[in-house]
Amino acid sequence: MQSQVDFLSAHPWLLVANMAGFAVWIAALCVVFQSPKFVRKWLWVLLSLFTFSIGLRTGNISGSIGVPLGAAYILWFW
């Protein structure tokens with residue numbers, strides 16, 4: 001656990017990028033559930049889960065950055 005904390009303190013942009021992606025995903029879900037434009041809401045929720053991910057490995061620590069492409073499309077479409 002300590003090595004993960006050291007890794008995140010050495011690369012703080014990873015935490016910021018993951019939190020931004022999570023915020024985009026939450027915003028897309030709020031838009032889907034509150035807007036009458038989205039008729040089949042469960043299909044839009046499935047689309048919001050579409051993500052492009054890049055993995056990083058440093059020694060015995062591995063991490064990944066995900067870009068929520070489906071959620072970004074939902075926000076663009078809205």
# chains A, B, ... in the order shown; residues from 1 in each chain; ligands from 1

$ residues_around --residues "stretch 48-60 of chain A" --least-positions-apart "4" --cutoff "8 Å" --atoms "only C-alpha atoms" --output "VMD selection string"
chain A and resid 25 28 to 29 44 64 to 72 74

$ write_last_selection --atoms "N, CA and C atoms" --output "PDB file, in the first residue's frame"
ATOM      1  N   TRP A  25     -18.099  11.129 -16.219  1.00  0.00           N
ATOM      2  CA  TRP A  25     -19.019   9.995 -16.219  1.00  0.00           C
ATOM      3  C   TRP A  25     -20.252  10.280 -15.354  1.00  0.00           C
ATOM      4  N   ALA A  28     -22.513  12.727 -17.136  1.00  0.00           N
ATOM      5  CA  ALA A  28     -23.262  12.077 -18.212  1.00  0.00           C
ATOM      6  C   ALA A  28     -24.429  11.272 -17.663  1.00  0.00           C
ATOM      7  N   LEU A  29     -24.242  10.580 -16.553  1.00  0.00           N
ATOM      8  CA  LEU A  29     -25.342   9.829 -15.952  1.00  0.00           C
ATOM      9  C   LEU A  29     -26.447  10.762 -15.460  1.00  0.00           C
ATOM     10  N   TRP A  44     -28.285   4.168 -22.942  1.00  0.00           N
ATOM     11  CA  TRP A  44     -27.377   5.300 -22.786  1.00  0.00           C
ATOM     12  C   TRP A  44     -26.435   5.084 -21.606  1.00  0.00           C
ATOM     13  N   SER A  64      -3.565   2.752 -14.331  1.00  0.00           N
ATOM     14  CA  SER A  64      -4.150   3.013 -15.640  1.00  0.00           C
ATOM     15  C   SER A  64      -4.912   4.320 -15.627  1.00  0.00           C
ATOM     16  N   ILE A  65      -5.034   4.893 -16.807  1.00  0.00           N
ATOM     17  CA  ILE A  65      -5.791   6.116 -17.015  1.00  0.00           C
ATOM     18  C   ILE A  65      -6.906   5.770 -17.986  1.00  0.00           C
ATOM     19  N   GLY A  66      -8.122   6.109 -17.640  1.00  0.00           N
ATOM     20  CA  GLY A  66      -9.263   5.845 -18.502  1.00  0.00           C
ATOM     21  C   GLY A  66      -9.868   7.128 -19.018  1.00  0.00           C
ATOM     22  N   VAL A  67     -10.178   7.145 -20.312  1.00  0.00           N
ATOM     23  CA  VAL A  67     -10.850   8.286 -20.932  1.00  0.00           C
ATOM     24  C   VAL A  67     -12.278   7.846 -21.234  1.00  0.00           C
ATOM     25  N   PRO A  68     -13.272   8.456 -20.596  1.00  0.00           N
ATOM     26  CA  PRO A  68     -14.662   8.020 -20.791  1.00  0.00           C
ATOM     27  C   PRO A  68     -15.233   8.529 -22.113  1.00  0.00           C
ATOM     28  N   LEU A  69     -14.980   7.812 -23.182  1.00  0.00           N
ATOM     29  CA  LEU A  69     -15.425   8.237 -24.505  1.00  0.00           C
ATOM     30  C   LEU A  69     -16.945   8.218 -24.635  1.00  0.00           C
ATOM     31  N   GLY A  70     -17.596   7.209 -24.097  1.00  0.00           N
ATOM     32  CA  GLY A  70     -19.047   7.131 -24.167  1.00  0.00           C
ATOM     33  C   GLY A  70     -19.712   8.267 -23.405  1.00  0.00           C
ATOM     34  N   ALA A  71     -19.204   8.591 -22.229  1.00  0.00           N
ATOM     35  CA  ALA A  71     -19.768   9.686 -21.444  1.00  0.00           C
ATOM     36  C   ALA A  71     -19.529  11.023 -22.126  1.00  0.00           C
ATOM     37  N   ALA A  72     -18.370  11.189 -22.737  1.00  0.00           N
ATOM     38  CA  ALA A  72     -18.101  12.430 -23.472  1.00  0.00           C
ATOM     39  C   ALA A  72     -19.041  12.569 -24.662  1.00  0.00           C
ATOM     40  N   ILE A  74     -22.110  11.362 -24.830  1.00  0.00           N
ATOM     41  CA  ILE A  74     -23.423  11.689 -24.273  1.00  0.00           C
ATOM     42  C   ILE A  74     -23.512  13.178 -23.968  1.00  0.00           C
TER      43      ILE A  74
END

$ select_by_dssp --residues "chain A" --states "strand (DSSP E)" --output "list in words"
Phe52, Ser53, Ile54, Gly55, Leu56, Arg57, Thr58, Ile61, Ser62, Gly63, Ser64, Ile65, Gly66 and Val67 of chain A

$ select_by_dssp --residues "chain A" --states "alpha helix (DSSP H)" --output "ChimeraX atom specification"
/A:2-10,12-34,41-48,69-77

$ write_last_selection --atoms "N, CA and C atoms" --output "tab-separated table (two decimals), in the first residue's frame"
chain	number	residue	atom	x	y	z
A	2	GLN	N	1.95	1.25	0.73
A	2	GLN	CA	2.82	2.41	0.80
A	2	GLN	C	3.46	2.70	-0.56
A	3	SER	N	3.76	1.65	-1.33
A	3	SER	CA	4.37	1.88	-2.64
A	3	SER	C	3.37	2.55	-3.59
A	4	GLN	N	2.08	2.26	-3.44
A	4	GLN	CA	1.07	2.93	-4.26
A	4	GLN	C	0.96	4.40	-3.90
A	5	VAL	N	1.03	4.71	-2.61
A	5	VAL	CA	0.99	6.10	-2.18
A	5	VAL	C	2.22	6.85	-2.70
A	6	ASP	N	3.38	6.20	-2.65
A	6	ASP	CA	4.59	6.82	-3.18
A	6	ASP	C	4.48	7.04	-4.68
A	7	PHE	N	3.87	6.09	-5.39
A	7	PHE	CA	3.70	6.21	-6.84
A	7	PHE	C	2.78	7.39	-7.17
A	8	LEU	N	1.66	7.52	-6.44
A	8	LEU	CA	0.74	8.62	-6.70
A	8	LEU	C	1.33	9.97	-6.29
A	9	SER	N	2.15	9.99	-5.26
A	9	SER	CA	2.79	11.26	-4.89
A	9	SER	C	3.86	11.65	-5.91
A	10	ALA	N	4.46	10.67	-6.58
A	10	ALA	CA	5.43	10.97	-7.63
A	10	ALA	C	4.75	11.39	-8.93
A	12	PRO	N	1.25	12.97	-9.52
A	12	PRO	CA	-0.06	13.45	-9.07
A	12	PRO	C	-1.05	13.69	-10.21
A	13	TRP	N	-0.57	13.81	-11.42
A	13	TRP	CA	-1.47	14.03	-12.55
A	13	TRP	C	-2.34	12.82	-12.82
A	14	LEU	N	-1.91	11.62	-12.39
A	14	LEU	CA	-2.74	10.43	-12.57
A	14	LEU	C	-4.02	10.52	-11.76
A	15	LEU	N	-3.92	11.00	-10.54
A	15	LEU	CA	-5.10	11.14	-9.70
A	15	LEU	C	-6.04	12.21	-10.25
A	16	VAL	N	-5.48	13.31	-10.73
A	16	VAL	CA	-6.30	14.38	-11.31
A	16	VAL	C	-7.00	13.89	-12.57
A	17	ALA	N	-6.31	13.15	-13.42
A	17	ALA	CA	-6.91	12.64	-14.65
A	17	ALA	C	-8.03	11.65	-14.36
A	18	ASN	N	-7.82	10.77	-13.40
A	18	ASN	CA	-8.86	9.80	-13.04
A	18	ASN	C	-10.07	10.48	-12.41
A	19	MET	N	-9.86	11.48	-11.59
A	19	MET	CA	-10.98	12.19	-10.99
A	19	MET	C	-11.76	12.98	-12.04
A	20	ALA	N	-11.07	13.55	-13.02
A	20	ALA	CA	-11.76	14.27	-14.09
A	20	ALA	C	-12.61	13.32	-14.93
A	21	GLY	N	-12.08	12.14	-15.23
A	21	GLY	CA	-12.84	11.15	-15.96
A	21	GLY	C	-14.07	10.68	-15.20
A	22	PHE	N	-13.91	10.52	-13.89
A	22	PHE	CA	-15.04	10.12	-13.05
A	22	PHE	C	-16.10	11.22	-13.02
A	23	ALA	N	-15.68	12.48	-12.97
A	23	ALA	CA	-16.63	13.59	-12.96
A	23	ALA	C	-17.40	13.68	-14.27
A	24	VAL	N	-16.73	13.42	-15.39
A	24	VAL	CA	-17.41	13.41	-16.69
A	24	VAL	C	-18.43	12.30	-16.74
A	25	TRP	N	-18.10	11.13	-16.22
A	25	TRP	CA	-19.02	9.99	-16.22
A	25	TRP	C	-20.25	10.28	-15.35
A	26	ILE	N	-20.05	10.85	-14.16
A	26	ILE	CA	-21.17	11.19	-13.28
A	26	ILE	C	-22.05	12.25	-13.94
A	27	ALA	N	-21.45	13.24	-14.59
A	27	ALA	CA	-22.23	14.27	-15.27
A	27	ALA	C	-23.07	13.67	-16.39
A	28	ALA	N	-22.51	12.73	-17.14
A	28	ALA	CA	-23.26	12.08	-18.21
A	28	ALA	C	-24.43	11.27	-17.66
A	29	LEU	N	-24.24	10.58	-16.55
A	29	LEU	CA	-25.34	9.83	-15.95
A	29	LEU	C	-26.45	10.76	-15.46
A	30	CYS	N	-26.08	11.88	-14.87
A	30	CYS	CA	-27.08	12.85	-14.43
A	30	CYS	C	-27.87	13.40	-15.61
A	31	VAL	N	-27.19	13.67	-16.71
A	31	VAL	CA	-27.86	14.18	-17.91
A	31	VAL	C	-28.82	13.14	-18.46
A	32	VAL	N	-28.41	11.89	-18.51
A	32	VAL	CA	-29.26	10.83	-19.06
A	32	VAL	C	-30.53	10.67	-18.23
A	33	PHE	N	-30.40	10.67	-16.92
A	33	PHE	CA	-31.56	10.42	-16.07
A	33	PHE	C	-32.49	11.63	-15.93
A	34	GLN	N	-31.98	12.83	-16.13
A	34	GLN	CA	-32.80	14.02	-15.95
A	34	GLN	C	-33.39	14.57	-17.25
A	41	LYS	N	-33.08	4.80	-21.55
A	41	LYS	CA	-32.03	5.24	-20.63
A	41	LYS	C	-31.01	4.14	-20.35
A	42	TRP	N	-31.40	2.90	-20.28
A	42	TRP	CA	-30.45	1.83	-19.96
A	42	TRP	C	-29.42	1.66	-21.08
A	43	LEU	N	-29.80	1.93	-22.33
A	43	LEU	CA	-28.82	1.86	-23.41
A	43	LEU	C	-27.82	3.00	-23.33
A	44	TRP	N	-28.28	4.17	-22.94
A	44	TRP	CA	-27.38	5.30	-22.79
A	44	TRP	C	-26.43	5.08	-21.61
A	45	VAL	N	-26.93	4.44	-20.55
A	45	VAL	CA	-26.05	4.13	-19.42
A	45	VAL	C	-24.97	3.14	-19.85
A	46	LEU	N	-25.35	2.15	-20.66
A	46	LEU	CA	-24.34	1.22	-21.17
A	46	LEU	C	-23.31	1.94	-22.05
A	47	LEU	N	-23.77	2.89	-22.86
A	47	LEU	CA	-22.84	3.66	-23.69
A	47	LEU	C	-21.88	4.47	-22.83
A	48	SER	N	-22.35	4.96	-21.69
A	48	SER	CA	-21.48	5.76	-20.83
A	48	SER	C	-20.33	4.94	-20.25
A	69	LEU	N	-14.98	7.81	-23.18
A	69	LEU	CA	-15.42	8.24	-24.50
A	69	LEU	C	-16.94	8.22	-24.63
A	70	GLY	N	-17.60	7.21	-24.10
A	70	GLY	CA	-19.05	7.13	-24.17
A	70	GLY	C	-19.71	8.27	-23.40
A	71	ALA	N	-19.20	8.59	-22.23
A	71	ALA	CA	-19.77	9.69	-21.44
A	71	ALA	C	-19.53	11.02	-22.13
A	72	ALA	N	-18.37	11.19	-22.74
A	72	ALA	CA	-18.10	12.43	-23.47
A	72	ALA	C	-19.04	12.57	-24.66
A	73	TYR	N	-19.35	11.46	-25.35
A	73	TYR	CA	-20.30	11.51	-26.45
A	73	TYR	C	-21.70	11.89	-25.96
A	74	ILE	N	-22.11	11.36	-24.83
A	74	ILE	CA	-23.42	11.69	-24.27
A	74	ILE	C	-23.51	13.18	-23.97
A	75	LEU	N	-22.47	13.73	-23.36
A	75	LEU	CA	-22.47	15.16	-23.05
A	75	LEU	C	-22.46	15.99	-24.32
A	76	TRP	N	-21.76	15.55	-25.35
A	76	TRP	CA	-21.75	16.26	-26.63
A	76	TRP	C	-23.11	16.18	-27.29
A	77	PHE	N	-23.75	15.03	-27.24
A	77	PHE	CA	-25.05	14.82	-27.87
A	77	PHE	C	-26.14	15.60	-27.16
